[in-house]
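Participant: Just dropping this structure here.
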Amino acid sequence: MTAPAPTGVLHPEALAGQIAVVTGAARGIGAVVALELARGGADLALFDLDEPSATAEAVQAMGRKAHAERLDVTDRAAVETSIGALSRVDVVVTSAGVYGEPTPVADIDDADMDRVLGVNLKGALWTIRAALPALRRAGGRVVCLGSAAGEVGGIASGPQYVASKGAIHAMVKWLARMEAANGVAANAVAPGAVETNMIAGRGYSGDYCPLGRLATAQDIATVIAFLASPHAAYMTGTVVDVNGGFHMG
Ligand SMILES: NC(=O)c1ccc[n+]([C@@H]2O[C@H](COP(=O)([O-])OP(=O)(O)OC[C@H]3O[C@@H](n4cnc5c(N)ncnc54)[C@H](O)[C@@H]3O)[C@@H](O)[C@H]2O)c1
C-alpha cells in the first residue's frame with residue numbers, strides 16, 4: 001500500500017493572480033481541490049447545491065479570496081447568471097456530481113437517467129459554457145471529473161452513472177479540439193473509488209485495486225491541481241487515470 005498524496009503539489013505562485021471556479025465545492029473532492037488551488041496561489045469562486053461557505057472559510061484562512069454561492073448546476077439559467085457574471089476565470093473544475101445506483105436494466109427509468117445525466121453531464125457542460133468567454137480571454141484550463149466507471153463499465157455503479165462519466169470523457173475531447181485555437185485546454189480526471197460521501201456505505205473497499213486502498217480526495221485533487229496549472233501546458237483532451245492500478249490504460 002502506498003501513502004496518500006501530500007498537499008501542496010503546485011509551486012505557491014503557479015496560479016498567482018488567477019481565479020478558479022470549482023463546482024461541487026462544499027465537500028468531497030471539490031472541497032479539497034479548492035484548497036489545493038488556493039495553495040497554488042489562486043482565488044476561488046465556489047459553487048454547490050449545498051452551502052460551500054466552510055470551504056470558502058478554509059481558503060480565506062490560507063490568505064486567498066473566496067466567493068461561496070449555492071447553485072444548482074442543472075439550472076442552466078442560474079449557472080449562466082452566476083458563473084457567466086464572473087469577469088475573470090482562469091480555471092474551471094467541474095466536481096458537482098451524483099451517484100447512480102446499480103439498477104437492473106428492467107428498472108431503469110427516465111427520472112433516474114435524467115437526474116444523473118442532468119448533474120454529471122449537462123451540469124458540467126452548462127458550467128463550462130457559462131465560463132467560456134472568460135476562459136478564452138484568460139487562455140484558461142478546464143478539468144472535469146470523469147470516472148473509471150466511464151471506462152470499464154463501473155465498479156458498483158449503474159448504467160446512468162457509467163454513461164454520464166463516459167460522456168464526460170468524450171465531451172472533454174470535443175472541448176479540447178474546439179477550444180485549442182482559442183487558447184483553452186480541457187482534460188478529465190478519472191478516479192477509481194474515492195473515500196467521500198458519494199460511496200460511503202456502498203460496500204467499496206481497497207480490495208478493488210492493486211494499490212489495496214481507496215483513494216483519498218487529496219490523491220485526486222493533487223492531479224487535478226497539476227492539470228489546472230501551467231505545469232500541464234502541453235496537455236489537452238486527455239483522460240488521466242487516478243485509480244490505484246484498477247484500470248490500466
Ligand atoms: N467518490 C468517488 O468514488 C468518485 C469516483 C469517481 C468520480 N467521482 C466524481 O467526483 C466528483 C466529486 O464527487 P465526490 O466523491 O466528491 O462526491 P460528494 O458527494 O462528496 O460531493 C459531490 C458534491 O456535488 C454537489 N452537487 C450534487 N448535485 C449538485 C448540483 N445539482 N449542483 C451543484 N452541486 C451539486 C454535492 O452537494 C456535493 O457537495 C463527482 O463528479 C463524482 O462523480 C467520484
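Simple scheme: letters A, B, ... for chains in C-alpha cells order, numbers from 1 for residues in each chain, numbers from 1 for ligands in the order shown.
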Contacts of stretch 73-88 of chain A at 10 Å or less, counting only C-alpha atoms, minus same-chain residues fewer than 4 places along, as a ChimeraX atom specification?
Facilitator: /A:18-21,23-24,45-49,69,94,96-97,115,117-138,140
Participant: Using only C-alpha atoms and all ligand atoms, which residues have at least one atom no more than 8 Å from ligand 1? Output them as a PyMOL selection string.
Facilitator: chain A and resi 23-31+47-50+52+70-75+94-99+118-120+123+144-149+161+165+190-199+215+217
Participant: Keeping C-alpha atoms, export the residues of the selection given above as a tab-separated table (two decimals), in the first residue's frame.
Facilitator:
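Saved file result_9.tsv follows:
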```tsv
chain	number	residue	atom	x	y	z
A	23	THR	CA	-18.42	23.26	-8.63
A	24	GLY	CA	-19.29	20.63	-6.05
A	25	ALA	CA	-17.07	22.63	-3.70
A	26	ALA	CA	-18.99	22.09	-0.46
A	27	ARG	CA	-17.40	18.72	0.25
A	28	GLY	CA	-15.51	15.73	-1.07
A	29	ILE	CA	-13.12	16.07	-3.99
A	30	GLY	CA	-14.30	19.58	-4.93
A	31	ALA	CA	-13.57	20.98	-1.47
A	47	PHE	CA	-20.42	26.71	-6.13
A	48	ASP	CA	-22.53	23.85	-4.80
A	49	LEU	CA	-26.13	22.84	-4.27
A	50	ASP	CA	-25.22	22.86	-0.57
A	52	PRO	CA	-19.94	25.94	0.27
A	70	ARG	CA	-25.32	27.96	-3.60
A	71	LEU	CA	-26.01	26.93	-7.19
A	72	ASP	CA	-27.77	24.01	-8.85
A	73	VAL	CA	-25.62	23.20	-11.89
A	74	THR	CA	-28.66	21.68	-13.63
A	75	ASP	CA	-30.31	25.12	-13.68
A	94	THR	CA	-16.41	20.52	-12.54
A	95	SER	CA	-16.74	18.29	-9.49
A	96	ALA	CA	-20.50	18.55	-8.82
A	97	GLY	CA	-21.84	15.05	-9.23
A	98	VAL	CA	-24.32	12.43	-8.05
A	99	TYR	CA	-24.10	8.66	-7.81
A	118	GLY	CA	-28.55	16.20	-15.66
A	119	VAL	CA	-25.96	16.83	-12.94
A	120	ASN	CA	-22.95	14.87	-14.14
A	123	GLY	CA	-24.33	20.41	-15.29
A	144	CYS	CA	-13.74	17.68	-15.43
A	145	LEU	CA	-14.38	14.84	-13.01
A	146	GLY	CA	-14.82	11.70	-15.06
A	147	SER	CA	-14.55	8.24	-13.56
A	148	ALA	CA	-13.01	4.82	-14.05
A	149	ALA	CA	-16.69	3.80	-14.19
A	161	TYR	CA	-23.64	6.90	-13.84
A	165	LYS	CA	-18.91	9.67	-16.97
A	190	ALA	CA	-10.92	9.51	-14.00
A	191	PRO	CA	-10.74	8.44	-10.34
A	192	GLY	CA	-11.31	4.93	-9.11
A	193	ALA	CA	-13.12	4.63	-5.76
A	194	VAL	CA	-12.55	7.70	-3.57
A	195	GLU	CA	-13.30	7.84	0.15
A	196	THR	CA	-16.05	10.50	0.12
A	197	ASN	CA	-19.75	10.69	0.98
A	198	MET	CA	-20.57	9.55	-2.54
A	199	ILE	CA	-19.51	5.94	-1.95
A	215	ALA	CA	-8.21	6.90	-2.91
A	217	ALA	CA	-9.84	13.14	-2.08
```
Participant: Determine the nearest neighbour of A:Val142 from the options A:Ala200, A:Cys209, A:Val59, A:Ala188, counting only C-alpha atoms.
Facilitator: A:Ala188
Participant: So which residues of stretch 33-187 of chain A fall under strand (DSSP E or B) by DSSP, listed as a list in words?
Facilitator: Asp43, Leu44, Ala45, Leu46, Phe47, Asp48, Ala66, His67, Ala68, Glu69, Arg70, Val91, Val92, Val93, Thr94, Arg141, Val142, Val143, Cys144, Leu145, Ala185, Ala186 and Asn187 of chain A
Participant: Point out the residue among A:Gln160, A:Ala225, A:Val143, A:Gly237 with the least atom-to-atom distance to A:Leu175, counting only C-alpha atoms.
Facilitator: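 That would be A:Gly237, the residue with the smallest distance to A:Leu175.
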Participant: When DSSP is applied to the backbone of this structure, which of stretch 77-167 of chain A are assigned alpha helix (DSSP H)? Write them out as a short mmCIF file (atom, residue, chain, number, x, y, z; two decimals) with C-alpha atoms, in the first residue's frame.
Facilitator:
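Result file follows (selection.cif):
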```cif
data_model
loop_
_atom_site.label_atom_id
_atom_site.label_comp_id
_atom_site.auth_asym_id
_atom_site.auth_seq_id
_atom_site.Cartn_x
_atom_site.Cartn_y
_atom_site.Cartn_z
CA ALA A 77 -30.18 29.97 -16.48
CA ALA A 78 -28.89 30.24 -12.92
CA VAL A 79 -25.48 28.91 -13.96
CA GLU A 80 -25.35 31.45 -16.79
CA THR A 81 -26.24 34.23 -14.34
CA SER A 82 -23.78 33.26 -11.60
CA ILE A 83 -20.78 31.88 -13.46
CA GLY A 84 -21.35 33.92 -16.61
CA ASP A 110 -36.44 8.34 -17.14
CA ALA A 111 -36.29 10.16 -13.82
CA ASP A 112 -33.10 8.46 -12.68
CA MET A 113 -31.43 8.76 -16.09
CA ASP A 114 -32.34 12.46 -16.21
CA ARG A 115 -31.19 13.07 -12.61
CA VAL A 116 -27.73 11.61 -13.11
CA LEU A 117 -27.11 12.83 -16.66
CA ALA A 124 -20.67 20.22 -16.31
CA LEU A 125 -21.48 21.50 -19.80
CA TRP A 126 -23.59 24.42 -18.53
CA THR A 127 -20.75 25.37 -16.16
CA ILE A 128 -18.13 25.30 -18.91
CA ARG A 129 -20.37 27.13 -21.36
CA ALA A 130 -21.04 29.95 -18.90
CA ALA A 131 -17.33 30.34 -18.17
CA LEU A 132 -16.10 30.00 -21.75
CA PRO A 133 -15.95 33.69 -22.75
CA ALA A 134 -13.81 34.45 -19.69
CA LEU A 135 -11.76 31.27 -20.14
CA ARG A 136 -10.96 32.31 -23.72
CA ARG A 137 -9.81 35.75 -22.57
CA ALA A 138 -7.56 34.12 -19.96
CA ALA A 149 -16.69 3.80 -14.19
CA GLY A 150 -16.91 5.56 -17.54
CA GLU A 151 -14.01 3.49 -18.86
CA VAL A 152 -14.71 -0.03 -17.61
CA PRO A 159 -25.78 2.50 -16.28
CA GLN A 160 -26.86 6.10 -15.75
CA TYR A 161 -23.64 6.90 -13.84
CA VAL A 162 -21.38 4.97 -16.21
CA ALA A 163 -22.95 6.69 -19.21
CA SER A 164 -22.62 10.13 -17.62
CA LYS A 165 -18.91 9.67 -16.97
CA GLY A 166 -18.15 8.10 -20.35
CA ALA A 167 -19.88 11.12 -21.85
#
```
Participant: Which one is closest to A:Arg39: A:Leu211, A:Leu10, A:Ala61, A:Leu227? Count only C-alpha atoms.
Facilitator: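 The answer is A:Leu10, which sits nearest to A:Arg39.
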Participant: Find the spatial neighbours of A:Gly63, counting only C-alpha atoms, within a cut-off of 12 Å - ignore same-chain residues fewer than 2 positions away - and output them as a ChimeraX atom specification.
Facilitator: /A:12,16,35,38-44,56-61,65-66
Participant: I need the residue nearest A:Gly203 from this list: A:Ile155, A:Asp90, A:Met248, A:Gly8. Use only C-alpha atoms for the distance.
Facilitator: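 Among the listed residues, the smallest separation from A:Gly203 belongs to A:Ile155.
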Participant: Would you work out the distance separating atom CA of A:Pro6 from atom CA of A:Ala68, expressed in Å to one decimal?
Facilitator: 25.7 Å
Participant: Between A:Val91, A:His67, A:His11, A:Asp207, which has the minimum distance to A:Val184 (counting only C-alpha atoms)?
Facilitator: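 So, comparing all the options, the nearest one is A:Val91.
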